[in-house]
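For reference, target-v3.csv (CSV, C-alpha atoms):
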```
chain,number,residue,atom,x,y,z
J,22,MET,CA,-31.2,28.1,-33.2
J,23,MET,CA,-30.0,25.7,-30.6
J,24,GLU,CA,-31.9,25.5,-27.4
J,25,GLN,CA,-30.1,26.4,-24.2
J,26,LYS,CA,-30.0,23.2,-22.1
J,27,THR,CA,-31.0,23.2,-18.5
J,28,ASP,CA,-28.6,21.9,-15.8
J,29,LYS,CA,-30.8,18.9,-15.3
J,30,GLN,CA,-30.6,18.0,-19.0
J,31,ILE,CA,-26.8,18.4,-18.9
J,32,ASP,CA,-26.5,16.2,-15.8
J,33,ALA,CA,-28.6,13.5,-17.5
J,34,GLU,CA,-26.5,13.6,-20.6
J,35,LEU,CA,-23.3,13.4,-18.7
J,36,ALA,CA,-24.3,10.9,-16.0
J,37,SER,CA,-23.4,7.8,-18.1
J,38,PHE,CA,-20.0,9.2,-18.9
J,39,PHE,CA,-19.2,9.9,-15.3
J,40,GLU,CA,-20.4,6.5,-14.2
J,41,ALA,CA,-18.2,4.9,-16.9
J,42,ALA,CA,-15.2,7.0,-15.7
J,43,LYS,CA,-15.8,5.9,-12.1
J,44,ASP,CA,-15.9,2.3,-13.2
J,45,ASN,CA,-12.8,2.8,-15.2
J,46,GLN,CA,-10.6,3.7,-12.2
J,47,HIS,CA,-6.9,3.8,-12.8
J,48,ILE,CA,-5.4,0.8,-11.0
J,49,PRO,CA,-1.9,1.6,-9.9
J,50,SER,CA,0.8,-0.8,-11.0
J,51,ALA,CA,2.7,-2.9,-8.4
J,52,GLY,CA,5.9,-1.1,-9.4
J,53,PHE,CA,4.4,2.3,-8.6
J,54,MET,CA,3.0,1.1,-5.2
J,55,ASP,CA,6.4,-0.5,-4.3
J,56,ALA,CA,8.2,2.7,-5.3
J,57,VAL,CA,5.9,4.8,-3.1
J,58,LEU,CA,6.2,2.4,-0.2
J,59,LYS,CA,10.0,2.4,-0.6
J,60,ASP,CA,9.9,6.2,-0.4
J,61,ALA,CA,7.9,6.0,2.8
J,62,ILE,CA,10.5,3.7,4.4
J,63,ASP,CA,13.5,5.7,3.1
J,64,GLN,CA,11.9,9.0,4.2
J,65,HIS,CA,11.3,7.6,7.7
J,66,ASP,CA,14.8,6.3,8.0
J,67,ARG,CA,16.3,9.5,6.7
J,68,CYS,CA,14.7,12.0,8.9
J,69,GLN,CA,13.7,9.9,11.9
J,70,ARG,CA,12.8,12.7,14.3
J,71,PRO,CA,14.5,12.6,17.7
J,72,THR,CA,11.6,11.2,19.6
J,73,THR,CA,11.2,12.8,23.0
J,74,LYS,CA,11.3,10.2,25.6
J,75,VAL,CA,7.9,10.1,27.2
J,76,THR,CA,8.7,8.9,30.7
J,77,THR,CA,5.7,7.9,32.6
J,78,ASN,CA,7.8,7.7,35.9
J,79,VAL,CA,7.0,11.0,37.6
J,80,PHE,CA,10.1,10.8,39.9
J,81,ALA,CA,12.4,10.3,36.9
J,82,ASN,CA,10.9,13.3,35.2
J,83,ILE,CA,11.4,15.5,38.3
J,84,LEU,CA,15.0,14.2,38.7
J,85,ARG,CA,15.7,15.0,35.0
J,86,ASN,CA,14.2,18.5,35.3
J,87,ILE,CA,16.2,19.5,38.4
J,88,GLY,CA,19.5,18.5,36.9
J,89,GLY,CA,20.0,14.8,37.7
J,90,TRP,CA,21.5,13.0,40.7
J,91,PRO,CA,24.1,15.6,41.7
J,92,ALA,CA,21.5,18.4,42.0
J,93,ALA,CA,19.1,16.0,43.8
J,94,SER,CA,21.9,15.1,46.4
J,95,ALA,CA,22.7,18.7,47.1
J,96,MET,CA,19.1,19.6,47.4
J,97,THR,CA,18.4,16.7,49.7
J,98,ALA,CA,21.3,17.7,52.0
J,99,CYS,CA,20.0,21.3,52.2
J,100,VAL,CA,16.5,20.0,53.0
J,101,CYS,CA,17.9,17.8,55.8
J,102,ILE,CA,19.9,20.6,57.3
J,103,GLY,CA,16.9,22.9,57.1
J,104,LEU,CA,14.7,20.3,58.8
J,105,TYR,CA,17.2,19.7,61.5
J,106,ALA,CA,17.5,23.4,62.1
J,107,GLY,CA,13.8,23.7,62.2
J,108,TYR,CA,13.0,20.8,64.5
J,109,TYR,CA,16.0,20.4,66.8
J,110,ALA,CA,18.0,23.5,67.1
J,111,PRO,CA,15.9,26.5,68.0
J,112,ASP,CA,17.6,27.0,71.4
J,113,THR,CA,21.0,26.7,69.9
J,114,MET,CA,20.0,29.1,67.1
J,115,ASN,CA,19.0,31.6,69.8
J,116,TYR,CA,22.4,31.3,71.3
J,117,PHE,CA,23.9,32.0,67.9
J,118,SER,CA,21.6,34.8,67.1
J,119,SER,CA,22.0,36.4,70.6
J,120,ALA,CA,25.8,35.9,70.3
J,121,ALA,CA,25.8,37.7,67.0
J,122,ILE,CA,23.8,40.5,68.3
J,123,THR,CA,25.9,40.8,71.4
J,124,ASN,CA,29.1,40.6,69.3
J,125,GLU,CA,27.9,43.6,67.4
J,126,THR,CA,27.1,45.5,70.6
J,127,ILE,CA,30.4,44.9,72.3
J,128,ASN,CA,32.0,47.2,69.7
J,129,ASP,CA,29.8,49.9,71.2
J,130,ASP,CA,31.7,51.4,74.1
J,131,SER,CA,28.5,52.3,75.9
J,132,ILE,CA,27.5,48.6,76.6
J,133,TYR,CA,30.5,47.1,78.4
J,134,TYR,CA,28.3,45.7,81.1
J,135,ASP,CA,27.1,43.0,78.7
J,136,ASN,CA,30.4,41.4,78.2
J,137,ALA,CA,30.0,39.2,81.2
J,138,SER,CA,26.7,37.8,80.0
J,139,LEU,CA,28.2,37.3,76.6
J,140,ALA,CA,31.0,35.2,78.0
J,141,LEU,CA,28.4,33.3,80.0
J,142,ASP,CA,26.4,32.7,77.0
J,143,ILE,CA,29.4,31.4,75.0
J,144,GLU,CA,30.5,29.2,77.8
J,145,THR,CA,27.0,27.7,78.0
J,146,LEU,CA,27.0,27.2,74.3
J,147,PHE,CA,30.3,25.2,74.4
J,148,GLN,CA,29.0,23.2,77.4
J,149,GLU,CA,25.9,22.3,75.5
J,150,GLY,CA,28.0,21.3,72.6
W,23,MET,CA,2.3,-6.6,-0.5
W,24,ALA,CA,-0.1,-6.6,2.4
W,25,TYR,CA,-3.5,-4.9,1.9
W,26,ASP,CA,-4.7,-2.1,4.2
W,27,ALA,CA,-4.7,-4.1,7.4
W,28,MET,CA,-5.6,-1.0,9.5
W,29,GLY,CA,-8.9,-0.3,7.8
W,30,ASP,CA,-10.6,1.0,10.9
W,31,VAL,CA,-7.8,3.3,11.9
W,32,HIS,CA,-8.3,7.0,11.2
W,33,ASP,CA,-5.9,8.7,8.8
W,34,ASP,CA,-4.7,11.1,11.5
W,35,ALA,CA,-3.8,8.2,13.7
W,36,LEU,CA,-2.0,6.5,10.8
W,37,MET,CA,0.1,9.6,10.2
W,38,VAL,CA,1.2,9.5,13.9
W,39,LEU,CA,1.9,5.8,13.7
W,40,TYR,CA,3.9,6.2,10.5
W,41,ALA,CA,5.9,9.1,12.1
W,42,ASN,CA,6.7,6.7,14.9
W,43,GLY,CA,8.0,4.1,12.5
W,44,ASP,CA,5.1,1.9,11.9
W,45,GLN,CA,5.4,0.5,8.4
W,46,GLN,CA,2.0,-1.0,8.5
W,47,ALA,CA,0.6,2.5,8.8
W,48,ALA,CA,2.6,3.6,5.7
W,49,GLN,CA,1.1,0.7,3.8
W,50,SER,CA,-2.4,1.6,4.9
W,51,LEU,CA,-2.0,5.2,3.9
W,52,LEU,CA,-0.5,4.1,0.6
W,53,PHE,CA,-3.5,1.8,-0.2
W,54,ARG,CA,-6.0,4.4,0.8
W,55,HIS,CA,-4.7,7.4,-1.0
W,56,ALA,CA,-2.1,6.5,-3.7
W,57,PRO,CA,-4.7,5.1,-6.2
W,58,ARG,CA,-6.9,8.2,-5.9
W,59,VAL,CA,-3.9,10.5,-6.1
W,60,LEU,CA,-2.7,8.7,-9.2
W,61,ALA,CA,-6.1,8.7,-10.8
W,62,LEU,CA,-6.5,12.5,-10.3
W,63,SER,CA,-3.0,13.2,-11.7
W,64,LYS,CA,-3.7,11.0,-14.7
W,65,ARG,CA,-7.0,12.9,-15.4
W,66,LEU,CA,-5.3,16.2,-15.0
W,67,LEU,CA,-2.1,15.5,-16.9
W,68,TRP,CA,-3.3,12.9,-19.4
W,69,ASP,CA,0.1,11.3,-19.3
W,70,ALA,CA,0.5,8.0,-17.4
W,71,VAL,CA,4.3,8.3,-16.8
W,72,GLU,CA,4.1,11.9,-15.7
W,73,ALA,CA,1.1,11.2,-13.6
W,74,GLU,CA,3.0,8.5,-11.7
W,75,ASP,CA,5.8,10.9,-11.1
W,76,VAL,CA,3.4,13.5,-9.7
W,77,ALA,CA,1.6,10.9,-7.6
W,78,GLN,CA,4.9,9.6,-6.2
W,79,GLU,CA,6.0,13.2,-5.4
W,80,ALA,CA,2.7,14.0,-3.7
W,81,MET,CA,3.0,10.9,-1.6
W,82,LEU,CA,6.6,11.7,-0.7
W,83,LYS,CA,5.4,15.1,0.5
W,84,LEU,CA,2.9,13.3,2.7
W,85,TRP,CA,5.7,11.1,4.2
W,86,LYS,CA,7.7,14.2,4.8
W,87,ILE,CA,5.0,16.1,6.6
W,88,ALA,CA,3.9,13.2,8.7
W,89,PRO,CA,6.1,14.0,11.8
W,90,SER,CA,4.6,17.5,11.9
W,91,TRP,CA,1.1,16.6,10.9
W,92,ARG,CA,-1.5,18.5,12.9
W,93,GLN,CA,-4.3,16.3,13.7
W,94,GLY,CA,-7.8,17.5,13.1
W,95,GLU,CA,-6.8,20.5,11.0
W,96,ALA,CA,-7.2,19.0,7.5
W,97,LYS,CA,-8.2,15.7,6.1
W,98,VAL,CA,-5.3,13.7,4.7
W,99,SER,CA,-7.2,13.2,1.5
W,100,THR,CA,-8.0,16.9,1.1
W,101,TRP,CA,-4.4,17.8,1.7
W,102,LEU,CA,-3.2,15.2,-0.8
W,103,TYR,CA,-5.7,16.3,-3.5
W,104,ARG,CA,-4.5,19.9,-3.0
W,105,VAL,CA,-0.9,19.0,-3.3
W,106,THR,CA,-1.5,16.8,-6.3
W,107,SER,CA,-3.6,19.4,-8.1
W,108,ASN,CA,-0.9,22.1,-7.5
W,109,LEU,CA,1.8,19.7,-8.7
W,110,CYS,CA,-0.2,19.0,-11.8
W,111,THR,CA,-0.8,22.7,-12.4
W,112,ASP,CA,2.9,23.3,-12.2
W,113,ARG,CA,3.7,20.6,-14.7
W,114,LEU,CA,1.0,21.9,-17.1
W,115,ARG,CA,2.4,25.4,-16.9
W,116,LYS,CA,5.9,24.2,-17.6
W,117,LYS,CA,4.7,22.2,-20.5
W,118,ARG,CA,2.9,25.2,-21.9
W,119,GLY,CA,6.0,27.3,-21.4
W,120,THR,CA,8.3,24.9,-23.1
W,121,ASN,CA,6.8,22.9,-25.9
W,122,LEU,CA,3.2,23.0,-26.9
W,123,ASP,CA,3.7,20.0,-29.2
W,124,ASP,CA,4.2,17.8,-26.2
W,125,ILE,CA,0.6,18.2,-25.1
W,126,PRO,CA,-1.5,15.3,-26.4
W,127,GLU,CA,-3.9,16.2,-29.2
W,128,PRO,CA,-7.5,16.4,-28.4
W,129,ALA,CA,-9.9,13.7,-29.7
W,130,ASP,CA,-10.5,13.8,-33.4
W,131,ASP,CA,-12.3,11.5,-35.9
W,132,SER,CA,-9.4,9.3,-36.8
W,133,PRO,CA,-10.0,5.6,-37.1
W,134,SER,CA,-8.2,4.9,-33.8
W,135,VAL,CA,-10.7,7.1,-32.0
W,136,GLU,CA,-13.5,5.7,-34.0
W,137,SER,CA,-12.7,2.2,-32.6
W,138,GLN,CA,-12.7,3.6,-29.1
W,139,LEU,CA,-16.2,5.1,-29.4
W,140,ILE,CA,-18.0,2.1,-28.1
W,141,LEU,CA,-20.0,1.7,-25.0
W,142,THR,CA,-17.1,0.5,-22.8
W,143,ASN,CA,-15.0,3.5,-23.8
W,144,ARG,CA,-17.3,6.2,-22.7
W,145,ALA,CA,-14.7,6.9,-20.0
W,146,THR,CA,-12.1,7.5,-22.5
W,147,ALA,CA,-14.3,9.8,-24.4
W,148,LEU,CA,-15.0,11.7,-21.3
W,149,GLU,CA,-11.3,12.0,-20.5
W,150,GLN,CA,-10.6,13.3,-23.9
W,151,ALA,CA,-13.3,15.9,-23.5
W,152,MET,CA,-12.2,16.8,-20.1
W,153,HIS,CA,-8.7,17.4,-21.4
W,154,GLU,CA,-10.1,20.3,-23.5
W,155,LEU,CA,-11.5,22.0,-20.4
W,156,PRO,CA,-9.5,24.7,-18.6
W,157,GLU,CA,-7.5,23.2,-15.8
W,158,ARG,CA,-9.6,24.6,-13.0
W,159,GLN,CA,-12.8,23.4,-14.5
W,160,ARG,CA,-11.3,20.0,-15.2
W,161,LEU,CA,-10.2,19.7,-11.6
W,162,ALA,CA,-13.5,20.8,-10.2
W,163,VAL,CA,-15.6,18.5,-12.4
W,164,THR,CA,-13.2,15.6,-11.7
W,165,LEU,CA,-13.4,16.0,-7.9
W,166,ARG,CA,-17.1,16.5,-7.9
W,167,HIS,CA,-18.4,13.9,-10.4
W,168,ILE,CA,-15.7,11.2,-10.4
W,169,ASP,CA,-14.2,11.4,-7.0
W,170,GLU,CA,-17.6,12.4,-5.6
W,171,LEU,CA,-16.3,15.0,-3.1
W,172,PRO,CA,-18.7,17.5,-1.6
W,173,ASN,CA,-18.4,21.1,-2.9
W,174,PRO,CA,-17.1,22.5,0.5
W,175,GLU,CA,-14.2,20.0,0.4
W,176,ILE,CA,-13.5,20.9,-3.3
W,177,ALA,CA,-13.4,24.5,-2.2
W,178,GLN,CA,-10.8,23.7,0.4
W,179,ILE,CA,-8.7,21.8,-2.1
W,180,MET,CA,-8.8,24.5,-4.7
W,181,GLU,CA,-8.7,27.3,-2.1
W,182,ILE,CA,-11.7,29.1,-3.5
W,183,SER,CA,-15.2,29.7,-2.3
W,184,VAL,CA,-18.0,27.2,-2.7
W,185,ASP,CA,-19.8,29.5,-5.1
W,186,ALA,CA,-16.7,29.6,-7.3
W,187,VAL,CA,-16.6,25.8,-7.2
W,188,GLU,CA,-20.2,25.6,-8.3
W,189,SER,CA,-19.6,28.0,-11.1
W,190,LEU,CA,-16.6,26.1,-12.3
W,191,ILE,CA,-18.5,22.8,-12.2
W,192,ALA,CA,-21.5,24.3,-14.1
W,193,ARG,CA,-19.3,25.8,-16.8
W,194,GLY,CA,-17.3,22.7,-17.1
W,195,LYS,CA,-20.3,20.5,-17.5
W,196,ARG,CA,-21.7,22.7,-20.1
W,197,SER,CA,-18.5,22.5,-22.1
W,198,LEU,CA,-18.4,18.8,-21.7
W,199,ALA,CA,-22.0,18.4,-22.8
W,200,THR,CA,-21.2,20.3,-25.9
W,201,LEU,CA,-18.0,18.4,-26.6
W,202,LEU,CA,-19.6,15.0,-26.1
W,203,LEU,CA,-22.7,15.9,-28.0
W,204,GLY,CA,-21.3,14.7,-31.4
W,205,GLN,CA,-20.1,11.5,-30.0
W,206,LYS,CA,-23.3,10.3,-28.4
W,207,GLU,CA,-24.4,8.2,-31.3
W,208,LYS,CA,-21.0,6.5,-31.6
W,209,LEU,CA,-21.0,5.8,-27.9
W,210,GLY,CA,-24.3,4.0,-28.1
W,211,LEU,CA,-26.2,6.7,-26.3
W,212,GLU,CA,-28.8,7.5,-28.9
```
Can the structure in the file be given as structure tokens, please?
Amino acid sequence: MMEQKTDKQIDAELASFFEAAKDNQHIPSAGFMDAVLKDAIDQHDRCQRPTTKVTTNVFANILRNIGGWPAASAMTACVCIGLYAGYYAPDTMNYFSSAAITNETINDDSIYYDNASLALDIETLFQEG
Amino acid sequence: MAYDAMGDVHDDALMVLYANGDQQAAQSLLFRHAPRVLALSKRLLWDAVEAEDVAQEAMLKLWKIAPSWRQGEAKVSTWLYRVTSNLCTDRLRKKRGTNLDDIPEPADDSPSVESQLILTNRATALEQAMHELPERQRLAVTLRHIDELPNPEIAQIMEISVDAVESLIARGKRSLATLLLGQKEKLGLE
């Protein structure tokens, strides 16, 4: 009856075969290598992915994100008006706001006495430009 | 053709470079992996022409996946071995399904084999014996003992557990030992 071999015995028996197989590596032909390289080039040309432009310029990125120069111009104008209103026109704005309030109140018959001051206010407003 | 000029660059980086149009990176990937892919497919298919087809197909899949390659998720070599083994399995299944006569005959005692059974042809004898193993055993033994991959990586390639890999290798080696036993004398091993 045949003895059952241990794993070590089997490994020892097969070791020389595996070593021979490792030494006998399959060397690819030049034709094969060329064909695979050609595939690589063709494949890259065929489906060259649309590379997302990586812009390192922060300003350019912001400009693109907000919608380009037209949007940037409009936004700049709004910002300038806002700044102007904030820094230079609080008194004038008061005239506007009080005029608006008074305008609403003149429709109310109970407050006729305020018309004179409203006229004065408007006149002052025009004088001040 | 230039040799792997980017020998110190990691495979993941080469994939990115290739995706960005660097042909040098393609060459490096080619020289690193194509020979191993071809060797594996030859061992599994035992047909040089078909093995080249499979290897070329596996490499083409690599080129295709390069733009969406996720760095750090899998080793390029592991991925390629998996793709190659799957392609080989498909081919072997098709062969089985169509024409069994196309499968090469296993080694016999014919004079042509007799002349091969010399010391320098142990590799051939092993290949012939390997061809008689079931596909999964053949793949596991090849990856472990010829490509010298660790069992966990083989498990990844074959998508099975490490225990299952060990079992396949052990059974494969037992079968090989039995198959090669009668040839030891002819191969100058006794």
Legend entry - Within 6 Å of chain W: residues of chain J, using only C-alpha atoms, as number ranges by chain: J: 38, 41-43, 47, 49, 57, 61
Legend entry - atom CA of J:Tyr108 to atom CA of J:Gly89, straight-line distance in Å: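 Atom CA of J:Tyr108 lies at a distance of 28.3 Å from atom CA of J:Gly89.
Distances here use all atoms listed in the file; by that measure, the residue among J:Phe80, J:Arg85, J:Phe53, J:Ala106 closest to W:Val76 is J:Phe53.
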Legend entry - Sphere at (-19.9, 20.7, -2.2), radius 10 Å, counting only C-alpha atoms: residues as a ChimeraX atom specification: /W:165-166,170-178,184-185,187-188
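When atom CA of W:Met152 is paired with atom CA of W:Asp69, their separation reads 13.5 Å.
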